[in-house]
file query_16.csv (CSV, C-alpha atoms)
chain,number,residue,atom,x,y,z
A,109,MET,CA,0.0,0.0,0.0
A,110,ASN,CA,1.3,3.4,-1.0
A,111,PHE,CA,1.0,6.5,1.1
A,112,GLU,CA,0.8,10.2,0.2
A,113,GLU,CA,3.5,12.5,1.5
A,114,HIS,CA,1.3,14.1,4.2
A,115,ALA,CA,0.6,10.6,5.7
A,116,ALA,CA,4.2,9.4,5.4
A,117,LYS,CA,6.1,12.3,7.0
A,118,PRO,CA,4.6,11.8,10.5
A,119,LEU,CA,6.3,8.4,10.5
A,120,LEU,CA,9.7,10.1,10.0
A,121,LYS,CA,8.8,12.7,12.7
A,122,ALA,CA,7.9,9.9,15.1
A,123,ALA,CA,11.4,8.4,14.5
A,124,GLY,CA,13.1,11.7,15.3
A,125,ILE,CA,13.7,13.0,11.8
A,126,ALA,CA,12.8,16.7,11.3
A,127,VAL,CA,10.2,17.7,8.7
A,128,PRO,CA,8.9,21.1,7.7
A,129,ASP,CA,5.9,22.7,9.4
A,130,GLY,CA,2.8,22.5,7.3
A,131,GLY,CA,-0.7,21.2,6.9
A,132,LEU,CA,-3.2,19.7,4.5
A,133,ALA,CA,-5.6,21.8,2.4
A,134,PHE,CA,-8.6,20.6,0.4
A,135,ASP,CA,-9.3,23.9,-1.3
A,136,ALA,CA,-7.6,27.1,-2.2
A,137,GLU,CA,-8.9,29.1,0.8
A,138,GLU,CA,-7.5,26.5,3.2
A,139,ALA,CA,-4.1,26.7,1.4
A,140,ALA,CA,-4.1,30.5,1.7
A,141,ALA,CA,-4.9,30.3,5.4
A,142,LEU,CA,-2.0,27.9,6.0
A,143,ALA,CA,0.3,30.2,4.1
A,144,GLU,CA,-0.8,33.1,6.3
A,145,LYS,CA,0.6,31.2,9.3
A,146,LEU,CA,3.6,29.7,7.6
A,147,GLY,CA,5.0,32.5,5.5
A,148,PRO,CA,6.7,31.6,2.2
A,149,CYS,CA,5.6,28.1,1.5
A,150,VAL,CA,5.6,25.2,-0.9
A,151,VAL,CA,2.2,23.9,-2.3
A,152,LYS,CA,2.5,20.2,-3.2
A,153,ALA,CA,-0.1,17.9,-4.9
A,154,GLN,CA,-0.9,14.9,-2.8
A,155,VAL,CA,-1.0,11.7,-4.9
A,156,PRO,CA,0.6,8.3,-4.3
A,157,ALA,CA,3.0,8.8,-7.2
A,158,GLY,CA,6.4,10.3,-8.0
A,159,LYS,CA,7.6,13.0,-10.4
A,160,ARG,CA,5.0,15.5,-9.1
A,161,GLY,CA,7.3,18.4,-9.8
A,162,LYS,CA,7.7,17.4,-13.5
A,163,ALA,CA,3.9,17.2,-13.8
A,164,GLY,CA,3.5,20.7,-12.4
A,165,GLY,CA,2.2,19.5,-9.1
A,166,ILE,CA,4.7,21.4,-6.8
A,167,ALA,CA,5.0,25.2,-6.7
A,168,LEU,CA,6.6,27.8,-4.5
A,169,ALA,CA,4.4,30.6,-3.0
A,170,ASP,CA,5.7,33.7,-1.2
A,171,THR,CA,2.4,35.1,-0.2
A,172,PRO,CA,-1.1,33.7,0.8
A,173,GLN,CA,-2.5,34.9,-2.5
A,174,GLU,CA,0.2,33.0,-4.5
A,175,ALA,CA,-0.6,29.9,-2.4
A,176,ARG,CA,-4.3,30.4,-3.1
A,177,ASN,CA,-3.6,30.6,-6.9
A,178,GLU,CA,-1.2,27.7,-7.0
A,179,ALA,CA,-3.6,25.5,-4.9
A,180,ALA,CA,-6.5,26.4,-7.3
A,181,ARG,CA,-4.3,25.4,-10.2
A,182,ILE,CA,-3.0,22.1,-8.8
A,183,LEU,CA,-6.3,20.8,-7.2
A,184,GLY,CA,-8.1,18.9,-9.9
A,185,MET,CA,-5.0,18.0,-11.9
A,186,GLU,CA,-4.4,14.4,-12.7
A,187,ILE,CA,-0.9,13.0,-12.0
A,188,ALA,CA,0.0,9.5,-13.0
A,189,GLY,CA,-3.7,8.6,-13.3
A,190,HIS,CA,-4.5,10.0,-9.8
A,191,PRO,CA,-6.8,13.1,-9.4
A,192,VAL,CA,-5.4,15.7,-7.0
A,193,LYS,CA,-7.9,16.2,-4.2
A,194,SER,CA,-5.6,17.9,-1.6
A,195,VAL,CA,-2.4,19.8,-1.3
A,196,LEU,CA,0.3,19.8,1.4
A,197,VAL,CA,1.3,23.4,2.3
A,198,GLU,CA,4.7,23.6,4.0
A,199,ARG,CA,7.1,26.3,5.1
A,200,GLN,CA,9.9,26.9,2.6
A,201,VAL,CA,13.4,25.7,3.7
A,202,ARG,CA,16.5,27.5,2.7
A,203,ILE,CA,18.7,24.7,1.3
A,204,ALA,CA,22.5,24.5,1.6
A,205,LYS,CA,22.9,20.9,0.5
A,206,GLU,CA,20.6,18.1,-0.9
A,207,PHE,CA,21.0,14.3,-0.5
A,208,TYR,CA,19.0,11.2,-1.5
A,209,THR,CA,18.4,8.3,0.8
A,210,ALA,CA,16.1,5.3,1.1
A,211,VAL,CA,15.7,2.0,2.8
A,212,LEU,CA,14.0,-0.7,0.6
A,213,ASN,CA,13.5,-4.4,0.3
A,214,ASP,CA,16.3,-5.7,-2.0
A,215,ALA,CA,15.8,-8.9,-4.0
A,216,ALA,CA,19.5,-9.3,-4.6
A,217,THR,CA,20.6,-9.3,-1.0
A,218,LYS,CA,17.3,-10.8,0.3
A,219,GLY,CA,17.0,-8.1,2.9
A,220,PRO,CA,16.8,-4.4,3.6
A,221,LEU,CA,19.2,-2.1,1.6
A,222,LEU,CA,20.1,1.4,2.6
A,223,LEU,CA,20.8,3.8,-0.3
A,224,PHE,CA,22.5,7.1,0.0
A,225,SER,CA,23.8,9.7,-2.4
A,226,GLU,CA,25.3,13.1,-2.1
A,227,ASP,CA,23.3,14.1,-5.2
A,228,GLY,CA,19.7,14.7,-4.4
A,229,GLY,CA,16.9,15.4,-6.8
A,230,MET,CA,14.8,13.6,-9.4
A,231,ASP,CA,15.9,10.4,-11.3
A,232,ILE,CA,18.9,9.9,-9.1
A,233,GLU,CA,19.3,6.2,-9.8
A,234,GLU,CA,19.2,6.8,-13.6
A,235,GLN,CA,21.3,10.0,-13.7
A,236,HIS,CA,23.8,9.3,-11.0
A,237,PRO,CA,23.9,5.5,-10.4
A,238,ASP,CA,27.6,5.5,-9.5
A,239,ALA,CA,27.0,8.0,-6.8
A,240,LEU,CA,24.8,5.7,-4.8
A,241,VAL,CA,26.2,4.1,-1.6
A,242,ARG,CA,24.6,0.8,-1.0
A,243,ILE,CA,24.6,-0.7,2.5
A,244,PRO,CA,23.0,-4.2,2.8
A,245,ILE,CA,21.4,-4.8,6.2
A,246,ASP,CA,20.9,-8.1,8.1
A,247,ILE,CA,17.3,-7.8,9.3
A,248,ARG,CA,18.2,-9.9,12.4
A,249,GLU,CA,21.0,-7.5,13.4
A,250,GLY,CA,19.6,-4.1,12.2
A,251,LEU,CA,21.7,-1.3,10.8
A,252,ARG,CA,25.1,-1.4,12.5
A,253,ALA,CA,26.7,1.9,13.3
A,254,GLY,CA,30.0,0.6,12.1
A,255,ALA,CA,28.6,-0.1,8.6
A,256,LEU,CA,27.3,3.5,8.4
A,257,GLN,CA,30.6,4.9,9.6
A,258,ALA,CA,32.5,2.8,7.0
A,259,ALA,CA,30.3,3.6,4.0
A,260,ILE,CA,29.2,7.2,4.4
A,261,PRO,CA,32.0,9.7,3.5
A,262,GLN,CA,32.8,12.9,5.3
A,263,ILE,CA,31.0,15.7,3.4
A,264,ASP,CA,32.2,19.3,3.5
A,265,GLY,CA,30.0,21.5,5.5
A,266,VAL,CA,27.9,18.7,7.0
A,267,ALA,CA,27.9,17.5,10.6
A,268,ARG,CA,28.6,13.8,9.9
A,269,GLU,CA,27.3,12.5,13.2
A,270,LYS,CA,24.0,14.3,12.6
A,271,LEU,CA,23.7,12.8,9.1
A,272,LEU,CA,24.5,9.3,10.3
A,273,ASP,CA,21.9,9.7,13.1
A,274,VAL,CA,19.3,10.6,10.5
A,275,LEU,CA,20.1,7.6,8.4
A,276,ALA,CA,19.9,5.3,11.4
A,277,LYS,CA,16.5,6.8,12.3
A,278,LEU,CA,15.3,6.2,8.7
A,279,TYR,CA,16.0,2.5,9.1
A,280,THR,CA,14.1,2.6,12.4
A,281,ALA,CA,11.1,4.1,10.6
A,282,TYR,CA,11.4,1.5,7.9
A,283,ALA,CA,11.5,-1.4,10.3
A,284,ASP,CA,8.9,-0.2,12.8
A,285,ASN,CA,6.4,0.3,10.0
A,286,ASP,CA,7.0,-2.9,8.0
A,287,ALA,CA,7.9,-0.8,5.0
A,288,GLU,CA,8.8,-2.1,1.5
A,289,LEU,CA,10.2,1.4,0.8
A,290,MET,CA,11.0,4.4,3.0
A,291,GLU,CA,12.5,7.1,0.8
A,292,ILE,CA,13.6,10.7,1.5
A,293,ASN,CA,14.3,12.8,-1.6
A,294,PRO,CA,15.6,15.3,-0.9
A,295,LEU,CA,17.0,15.1,2.5
A,296,VAL,CA,18.5,18.5,3.0
A,297,VAL,CA,21.0,20.4,5.1
A,298,ALA,CA,19.3,23.8,5.7
A,299,GLN,CA,21.3,27.0,5.8
A,300,ASP,CA,21.1,26.9,9.6
A,301,GLY,CA,22.7,23.5,9.7
A,302,LYS,CA,19.5,21.5,10.5
A,303,ILE,CA,19.0,18.2,8.5
A,304,ILE,CA,15.4,18.1,7.3
A,305,ALA,CA,13.3,15.6,5.2
A,306,LEU,CA,11.6,17.7,2.5
A,307,ASP,CA,9.8,14.7,1.0
A,308,CYS,CA,8.9,11.1,2.0
A,309,LYS,CA,7.7,8.1,0.0
A,310,PHE,CA,6.4,5.2,2.0
A,311,THR,CA,5.1,1.9,0.8
A,312,LEU,CA,3.7,-0.5,3.4
A,313,ASP,CA,4.1,-4.3,3.0
A,314,ASP,CA,0.6,-5.5,2.3
A,315,SER,CA,1.3,-8.6,4.3
A,316,ALA,CA,1.6,-6.4,7.4
A,317,LEU,CA,-1.7,-4.5,7.0
A,318,ARG,CA,-3.3,-6.4,9.8
A,319,ARG,CA,-0.6,-5.2,12.2
A,320,HIS,CA,-1.0,-1.6,11.2
A,321,GLN,CA,-4.8,-1.2,10.8
A,322,GLU,CA,-4.9,2.4,12.0
A,323,LEU,CA,-2.0,3.3,9.7
A,324,ALA,CA,-3.5,1.5,6.8
A,325,GLU,CA,-6.6,3.8,7.0
A,326,LEU,CA,-4.3,6.7,5.9
A,327,GLY,CA,-2.9,4.8,2.9
A,328,THR,CA,-4.0,5.0,-0.7
A,329,PRO,CA,-5.3,1.6,-2.0
A,330,GLU,CA,-3.8,0.5,-5.3
A,331,LYS,CA,-5.9,1.5,-8.3
A,332,LEU,CA,-7.6,-1.6,-9.6
A,333,THR,CA,-9.0,-2.5,-13.0
A,334,GLU,CA,-12.5,-3.7,-13.3
A,335,LEU,CA,-11.3,-7.3,-13.6
A,336,GLU,CA,-8.9,-6.9,-10.6
A,337,ARG,CA,-11.9,-5.6,-8.5
A,338,ARG,CA,-13.9,-8.6,-9.6
A,339,GLY,CA,-11.1,-10.9,-8.6
A,340,GLN,CA,-10.6,-9.2,-5.3
A,341,LYS,CA,-14.3,-9.5,-4.5
A,342,ILE,CA,-14.2,-13.2,-5.2
A,343,GLY,CA,-11.0,-13.6,-3.1
A,344,PHE,CA,-8.5,-14.1,-5.9
A,345,LYS,CA,-5.1,-12.4,-6.1
A,346,TYR,CA,-5.5,-11.4,-9.7
A,347,ILE,CA,-3.2,-8.8,-11.4
A,348,GLU,CA,-4.1,-7.7,-15.0
A,349,LEU,CA,-1.1,-7.3,-17.3
A,350,GLU,CA,-0.5,-6.1,-20.9
A,351,GLY,CA,0.2,-9.5,-22.5
A,352,SER,CA,-1.9,-11.9,-24.6
A,353,VAL,CA,-1.3,-15.3,-22.9
A,354,GLY,CA,-3.8,-15.9,-20.1
A,355,VAL,CA,-2.5,-17.8,-17.1
A,356,LEU,CA,-4.4,-20.0,-14.7
A,357,SER,CA,-2.2,-21.9,-12.3
A,358,ASN,CA,-1.9,-23.0,-8.7
A,359,GLY,CA,0.5,-21.6,-6.1
A,360,ALA,CA,2.2,-18.3,-6.4
A,361,GLY,CA,5.6,-19.8,-7.1
A,362,LEU,CA,4.4,-21.9,-10.0
A,363,THR,CA,2.4,-19.0,-11.4
A,364,MET,CA,5.4,-16.7,-11.4
A,365,THR,CA,7.5,-19.4,-13.0
A,366,THR,CA,4.9,-19.9,-15.6
A,367,MET,CA,4.9,-16.2,-16.3
A,368,ASP,CA,8.7,-16.1,-16.6
A,369,ALA,CA,8.6,-19.0,-19.0
A,370,ILE,CA,6.1,-17.2,-21.2
A,371,SER,CA,8.4,-14.2,-21.4
A,372,HIS,CA,11.4,-16.5,-22.0
A,373,TYR,CA,9.7,-18.0,-25.0
A,374,GLY,CA,8.9,-14.7,-26.5
A,375,GLY,CA,5.3,-14.2,-25.2
A,376,ALA,CA,3.8,-11.9,-22.6
A,377,PRO,CA,1.5,-12.9,-19.8
A,378,ALA,CA,-1.9,-11.3,-19.7
A,379,ASN,CA,-2.3,-11.8,-15.9
A,380,PHE,CA,-1.2,-13.2,-12.6
A,381,LEU,CA,-3.8,-15.5,-11.1
A,382,GLU,CA,-3.1,-18.4,-8.8
A,383,ILE,CA,-6.1,-20.4,-7.7
A,384,GLY,CA,-4.8,-23.4,-5.8
A,385,GLY,CA,-7.2,-25.9,-4.4
A,386,ASN,CA,-10.0,-23.4,-4.9
A,387,ALA,CA,-10.2,-24.5,-8.6
A,388,PHE,CA,-12.6,-27.2,-7.4
A,389,VAL,CA,-15.2,-24.6,-6.3
A,390,LEU,CA,-14.1,-21.4,-8.1
A,391,GLY,CA,-13.2,-22.8,-11.5
A,392,LYS,CA,-16.0,-20.9,-13.3
A,393,GLN,CA,-15.1,-17.6,-11.6
A,394,ALA,CA,-11.4,-18.1,-12.4
A,395,LEU,CA,-12.1,-18.8,-16.1
A,396,GLU,CA,-14.4,-15.8,-16.4
A,397,VAL,CA,-11.9,-13.4,-14.8
A,398,VAL,CA,-9.0,-14.5,-17.0
A,399,LEU,CA,-11.0,-14.7,-20.2
A,400,GLY,CA,-12.7,-11.4,-19.4
A,401,ASN,CA,-9.5,-9.6,-20.6
A,402,PRO,CA,-10.0,-8.9,-24.3
A,403,ARG,CA,-6.2,-9.0,-24.8
A,404,VAL,CA,-6.1,-12.7,-24.0
A,405,LYS,CA,-5.5,-14.7,-27.3
A,406,SER,CA,-4.6,-18.0,-25.7
A,407,LEU,CA,-5.0,-19.6,-22.3
A,408,LEU,CA,-2.4,-21.6,-20.4
A,409,ILE,CA,-3.6,-23.8,-17.6
A,410,ASN,CA,-0.7,-25.2,-15.5
A,411,PHE,CA,-1.5,-27.4,-12.5
A,412,CYS,CA,1.0,-29.2,-10.3
A,413,GLY,CA,-0.4,-31.6,-7.7
A,414,ALA,CA,1.3,-31.1,-4.3
A,415,ILE,CA,-0.9,-29.8,-1.5
A,416,ALA,CA,-3.9,-29.8,-3.9
A,417,ARG,CA,-4.5,-32.8,-6.2
A,418,THR,CA,-4.2,-32.1,-10.0
A,419,ASP,CA,-7.3,-34.1,-10.8
A,420,VAL,CA,-9.4,-32.1,-8.2
A,421,MET,CA,-8.2,-28.8,-9.7
A,422,THR,CA,-8.8,-30.0,-13.2
A,423,GLY,CA,-12.2,-31.3,-12.3
A,424,GLY,CA,-13.2,-27.9,-10.9
A,425,VAL,CA,-12.3,-26.2,-14.2
A,426,LEU,CA,-13.8,-28.8,-16.4
A,427,GLU,CA,-17.1,-28.6,-14.5
A,428,ALA,CA,-17.4,-24.9,-15.5
A,429,TRP,CA,-16.1,-25.5,-19.1
A,430,ASP,CA,-19.4,-25.7,-21.0
A,431,GLU,CA,-20.9,-22.7,-19.2
A,432,VAL,CA,-17.9,-20.4,-19.8
A,433,ASP,CA,-17.2,-21.9,-23.3
A,434,PRO,CA,-13.6,-20.6,-23.9
A,435,ARG,CA,-13.2,-19.2,-27.4
A,436,VAL,CA,-9.4,-19.1,-27.4
A,437,PRO,CA,-6.9,-21.9,-27.8
A,438,VAL,CA,-6.2,-23.6,-24.4
A,439,CYS,CA,-3.0,-25.4,-23.6
A,440,TRP,CA,-2.7,-27.7,-20.6
A,441,ALA,CA,0.3,-28.7,-18.4
A,442,LEU,CA,-0.4,-31.2,-15.6
A,443,GLY,CA,2.0,-32.8,-13.2
A,444,GLY,CA,2.2,-34.3,-9.7
A,445,THR,CA,-0.4,-36.0,-7.5
A,446,GLY,CA,-3.5,-37.0,-9.5
A,447,GLU,CA,-1.9,-36.4,-12.8
A,448,ASP,CA,-3.1,-39.7,-14.4
A,449,GLU,CA,-6.7,-39.1,-13.3
A,450,ALA,CA,-6.5,-35.5,-14.6
A,451,ARG,CA,-5.3,-36.7,-18.0
A,452,ALA,CA,-8.2,-39.1,-18.2
A,453,MET,CA,-10.7,-36.4,-17.3
A,454,LEU,CA,-9.3,-34.1,-20.0
A,455,LYS,CA,-9.5,-36.9,-22.6
A,456,GLN,CA,-13.0,-37.8,-21.7
A,457,LYS,CA,-14.4,-34.2,-21.4
A,458,LEU,CA,-12.5,-32.4,-24.1
A,459,GLY,CA,-10.9,-35.1,-26.2
A,460,VAL,CA,-7.5,-33.5,-25.6
A,461,GLU,CA,-4.2,-34.5,-24.0
A,462,PRO,CA,-2.0,-32.1,-21.9
A,463,LEU,CA,1.3,-31.2,-23.4
A,464,PRO,CA,4.2,-33.4,-22.3
A,465,SER,CA,5.9,-30.6,-20.2
A,466,MET,CA,5.4,-27.1,-18.9
A,467,ASP,CA,7.9,-25.8,-21.5
A,468,ALA,CA,5.9,-27.5,-24.3
A,469,ALA,CA,2.7,-26.0,-23.0
A,470,VAL,CA,4.2,-22.6,-22.7
A,471,LYS,CA,5.6,-22.6,-26.2
A,472,ALA,CA,2.3,-23.8,-27.6
A,473,ALA,CA,0.4,-21.0,-25.8
A,474,VAL,CA,2.8,-18.3,-26.9
A,475,GLU,CA,2.6,-19.5,-30.5
A,476,ALA,CA,-1.2,-19.7,-30.4
A,477,ALA,CA,-1.4,-16.1,-29.1
A,478,LYS,CA,0.4,-14.7,-32.1

call {"tool": "encode", "arguments": {"input": "query_16.csv", "output": "structure tokens"}}
result
Amino acid sequence: MNFEEHAAKPLLKAAGIAVPDGGLAFDAEEAAALAEKLGPCVVKAQVPAGKRGKAGGIALADTPQEARNEAARILGMEIAGHPVKSVLVERQVRIAKEFYTAVLNDAATKGPLLLFSEDGGMDIEEQHPDALVRIPIDIREGLRAGALQAAIPQIDGVAREKLLDVLAKLYTAYADNDAELMEINPLVVAQDGKIIALDCKFTLDDSALRRHQELAELGTPEKLTELERRGQKIGFKYIELEGSVGVLSNGAGLTMTTMDAISHYGGAPANFLEIGGNAFVLGKQALEVVLGNPRVKSLLINFCGAIARTDVMTGGVLEAWDEVDPRVPVCWALGGTGEDEARAMLKQKLGVEPLPSMDAAVKAAVEAAK
């Protein structure tokens, strides 16, 4: 779950990281009233997306009237598909130095990774990749002071201990809030020497929502397509993609492997949907959701019998077959417990045989989608 800046910054403040004074406004008059109290300010669109500045969603205002005008301009904009319904109005900070820093889940190290760069600003990873310091963190030990001391250089005009303290607190905010990402860009040294987070991007691990129910109420749920909403209502984890090969499989790992194989053989998956043992009772709904995507030109059904039997899952899908009546080529891959029974069911019901391997089924589905 993503969070807008106004909801993310209090998490930094709670960890002891300074943020600018400010408040949330839902109309131009509220923005002007905040500017009256704050003085010269920044008016910032509140959407769960980056590159707001490039889109014209961030503006400086020196007077309440300028804040009113900028808020009126920004409110109602659409940024990355999100309508702007509120603006964050914050006191301007006189900047002496900008940094970039973040803590994120890193697939390569299979744990948290702290990133830091002396170059702040937009597109930092693309424009200055060599400037990024990377500090892998053992989640069991936390961020060790020695690792920070060794990796972060002395920077002219910056109190190093203050900077290292902020980075340590950023990791605390990441860990305490079960974050997938906690990013500050820019983290600045103000002209008075204070280190302040001017922005914050926070993504909460969806698996931890139950542990942060009050916090989750402040987040912005992911925008769903109509088919994704249907899948969520049924209880599926369905993600609509841009490809043409529909995927129906059991188990998240097998489903991801199937999608990777489709890409490997030159195709593109149209969705993620793992159904598991629920294929016996939800076969009709699964077929309808996958085939409801007009981009689907072929369907790949890949079942592996482990916890759930292959014949049970196949039977659930076949029971709904006549009612759904798929109108695209369907390629089957079956393996594991109940495989022989599932093959016999396919032969009797549809007069077809599954392909001899997953690779063969994937290749056939990719070719059929062309």

call {"tool": "closest_residue", "arguments": {"input": "query_16.csv", "among": "A:Glu334, A:Glu325, A:Glu174, A:Glu475", "to": "A:Gly375", "atoms": "only C-alpha atoms"}}
result
A:Glu475

call {"tool": "residues_around", "arguments": {"input": "query_16.csv", "residues": "stretch 298-301 of chain A", "least_positions_apart": "6", "cutoff": "7 Å", "atoms": "all atoms listed in the file", "output": "PyMOL selection string"}}
result
chain A and resi 201-205

call {"tool": "residues_around", "arguments": {"input": "query_16.csv", "residues": "A:Thr328", "least_positions_apart": "6", "cutoff": "7 Å", "atoms": "only C-alpha atoms", "output": "ChimeraX atom specification"}}
result
/A:109-111,156

call {"tool": "residues_near_point", "arguments": {"input": "query_16.csv", "point": "(11.2, 7.8, 14.6)", "cutoff": "12 Å", "atoms": "all atoms listed in the file", "output": "list of chain:residue names"}}
result
A:Ala116, A:Lys117, A:Pro118, A:Leu119, A:Leu120, A:Lys121, A:Ala122, A:Ala123, A:Gly124, A:Ile125, A:Ala126, A:Val127, A:Asp273, A:Val274, A:Leu275, A:Ala276, A:Lys277, A:Leu278, A:Tyr279, A:Thr280, A:Ala281, A:Tyr282, A:Ala283, A:Asp284, A:Asn285

call {"tool": "atom_distance", "arguments": {"input": "query_16.csv", "atom1": "atom CA of A:Arg338", "atom2": "atom CA of A:Ala378"}}
result
15.9 Å

call {"tool": "residues_around", "arguments": {"input": "query_16.csv", "residues": "A:Ser371", "least_positions_apart": "4", "cutoff": "10 Å", "atoms": "all atoms listed in the file", "output": "list in words"}}
result
Gly351, Val353, Thr365, Thr366, Met367, Gly375, Ala376, Pro377, Val470 and Val474 of chain A

call {"tool": "closest_residue", "arguments": {"input": "query_16.csv", "among": "A:Ser352, A:Gln321, A:Gln456, A:Asn379", "to": "A:Val404", "atoms": "all atoms listed in the file"}}
result
A:Ser352

call {"tool": "atom_distance", "arguments": {"input": "query_16.csv", "atom1": "atom CA of A:Arg451", "atom2": "atom CA of A:Gln393"}}
result
22.4 Å

call {"tool": "residues_near_point", "arguments": {"input": "query_16.csv", "point": "(1.5, 22.5, -3.9)", "cutoff": "10 Å", "atoms": "all atoms listed in the file", "output": "MDAnalysis selection string"}}
result
chainID A and resid 133 139 149:154 160:161 164:169 175:176 178:183 194:198

call {"tool": "write_last_selection", "arguments": {"input": "query_16.csv", "atoms": "C-alpha atoms", "output": "mmCIF file, in the frame of the given file"}}
result
data_model
loop_
_atom_site.group_PDB
_atom_site.id
_atom_site.type_symbol
_atom_site.label_atom_id
_atom_site.label_comp_id
_atom_site.auth_asym_id
_atom_site.auth_seq_id
_atom_site.Cartn_x
_atom_site.Cartn_y
_atom_site.Cartn_z
ATOM 1 C CA ALA A 133 -5.600 21.800 2.400
ATOM 2 C CA ALA A 139 -4.100 26.700 1.400
ATOM 3 C CA CYS A 149 5.600 28.100 1.500
ATOM 4 C CA VAL A 150 5.600 25.200 -0.900
ATOM 5 C CA VAL A 151 2.200 23.900 -2.300
ATOM 6 C CA LYS A 152 2.500 20.200 -3.200
ATOM 7 C CA ALA A 153 -0.100 17.900 -4.900
ATOM 8 C CA GLN A 154 -0.900 14.900 -2.800
ATOM 9 C CA ARG A 160 5.000 15.500 -9.100
ATOM 10 C CA GLY A 161 7.300 18.400 -9.800
ATOM 11 C CA GLY A 164 3.500 20.700 -12.400
ATOM 12 C CA GLY A 165 2.200 19.500 -9.100
ATOM 13 C CA ILE A 166 4.700 21.400 -6.800
ATOM 14 C CA ALA A 167 5.000 25.200 -6.700
ATOM 15 C CA LEU A 168 6.600 27.800 -4.500
ATOM 16 C CA ALA A 169 4.400 30.600 -3.000
ATOM 17 C CA ALA A 175 -0.600 29.900 -2.400
ATOM 18 C CA ARG A 176 -4.300 30.400 -3.100
ATOM 19 C CA GLU A 178 -1.200 27.700 -7.000
ATOM 20 C CA ALA A 179 -3.600 25.500 -4.900
ATOM 21 C CA ALA A 180 -6.500 26.400 -7.300
ATOM 22 C CA ARG A 181 -4.300 25.400 -10.200
ATOM 23 C CA ILE A 182 -3.000 22.100 -8.800
ATOM 24 C CA LEU A 183 -6.300 20.800 -7.200
ATOM 25 C CA SER A 194 -5.600 17.900 -1.600
ATOM 26 C CA VAL A 195 -2.400 19.800 -1.300
ATOM 27 C CA LEU A 196 0.300 19.800 1.400
ATOM 28 C CA VAL A 197 1.300 23.400 2.300
ATOM 29 C CA GLU A 198 4.700 23.600 4.000
#

call {"tool": "residues_around", "arguments": {"input": "query_16.csv", "residues": "A:Lys392", "least_positions_apart": "4", "cutoff": "9 Å", "atoms": "all atoms listed in the file", "output": "MDAnalysis selection string"}}
result
chainID A and resid 387 396:397 424:429 431:432

call {"tool": "residues_around", "arguments": {"input": "query_16.csv", "residues": "A:Glu447", "least_positions_apart": "6", "cutoff": "12 Å", "atoms": "all atoms listed in the file", "output": "PyMOL selection string"}}
result
chain A and resi 410-414+416-423+440-441+453-454+461-462+464

call {"tool": "closest_residue", "arguments": {"input": "query_16.csv", "among": "A:Leu362, A:Leu390, A:Gly254, A:Leu222", "to": "A:Gly339", "atoms": "all atoms listed in the file"}}
result
A:Leu390

call {"tool": "closest_residue", "arguments": {"input": "query_16.csv", "among": "A:Thr311, A:Gln340, A:Asn358, A:Thr209", "to": "A:Leu271", "atoms": "only C-alpha atoms"}}
result
A:Thr209

call {"tool": "closest_residue", "arguments": {"input": "query_16.csv", "among": "A:Met466, A:Val155, A:Leu408, A:Val266", "to": "A:Pro329", "atoms": "all atoms listed in the file"}}
result
A:Val155

call {"tool": "atom_distance", "arguments": {"input": "query_16.csv", "atom1": "atom CA of A:Ala163", "atom2": "atom CA of A:Glu291"}}
result
19.7 Å

call {"tool": "closest_residue", "arguments": {"input": "query_16.csv", "among": "A:Leu335, A:Ile415, A:Ile347, A:Leu272", "to": "A:Gly444", "atoms": "all atoms listed in the file"}}
result
A:Ile415

call {"tool": "build_atoms", "arguments": {"input": "query_16.csv", "residues": "stretch 467-475 of chain A", "atoms": "N, CA and C atoms", "output": "mmCIF file, in the coordinates of the input"}}
result
data_model
loop_
_atom_site.group_PDB
_atom_site.id
_atom_site.type_symbol
_atom_site.label_atom_id
_atom_site.label_comp_id
_atom_site.auth_asym_id
_atom_site.auth_seq_id
_atom_site.Cartn_x
_atom_site.Cartn_y
_atom_site.Cartn_z
ATOM 1 N N ASP A 467 7.218 -26.565 -20.393
ATOM 2 C CA ASP A 467 7.900 -25.800 -21.500
ATOM 3 C C ASP A 467 7.096 -25.982 -22.782
ATOM 4 N N ALA A 468 6.679 -27.214 -23.069
ATOM 5 C CA ALA A 468 5.900 -27.500 -24.300
ATOM 6 C C ALA A 468 4.612 -26.727 -24.293
ATOM 7 N N ALA A 469 3.931 -26.713 -23.142
ATOM 8 C CA ALA A 469 2.700 -26.000 -23.000
ATOM 9 C C ALA A 469 2.835 -24.515 -23.196
ATOM 10 N N VAL A 470 3.894 -23.990 -22.593
ATOM 11 C CA VAL A 470 4.200 -22.600 -22.700
ATOM 12 C C VAL A 470 4.444 -22.172 -24.146
ATOM 13 N N LYS A 471 5.300 -22.950 -24.817
ATOM 14 C CA LYS A 471 5.600 -22.600 -26.200
ATOM 15 C C LYS A 471 4.351 -22.660 -27.076
ATOM 16 N N ALA A 472 3.495 -23.660 -26.837
ATOM 17 C CA ALA A 472 2.300 -23.800 -27.600
ATOM 18 C C ALA A 472 1.353 -22.575 -27.368
ATOM 19 N N ALA A 473 1.238 -22.142 -26.102
ATOM 20 C CA ALA A 473 0.400 -21.000 -25.800
ATOM 21 C C ALA A 473 0.906 -19.717 -26.365
ATOM 22 N N VAL A 474 2.214 -19.541 -26.320
ATOM 23 C CA VAL A 474 2.800 -18.300 -26.900
ATOM 24 C C VAL A 474 2.578 -18.304 -28.423
ATOM 25 N N GLU A 475 2.763 -19.443 -29.065
ATOM 26 C CA GLU A 475 2.600 -19.500 -30.500
ATOM 27 C C GLU A 475 1.085 -19.285 -30.865
#
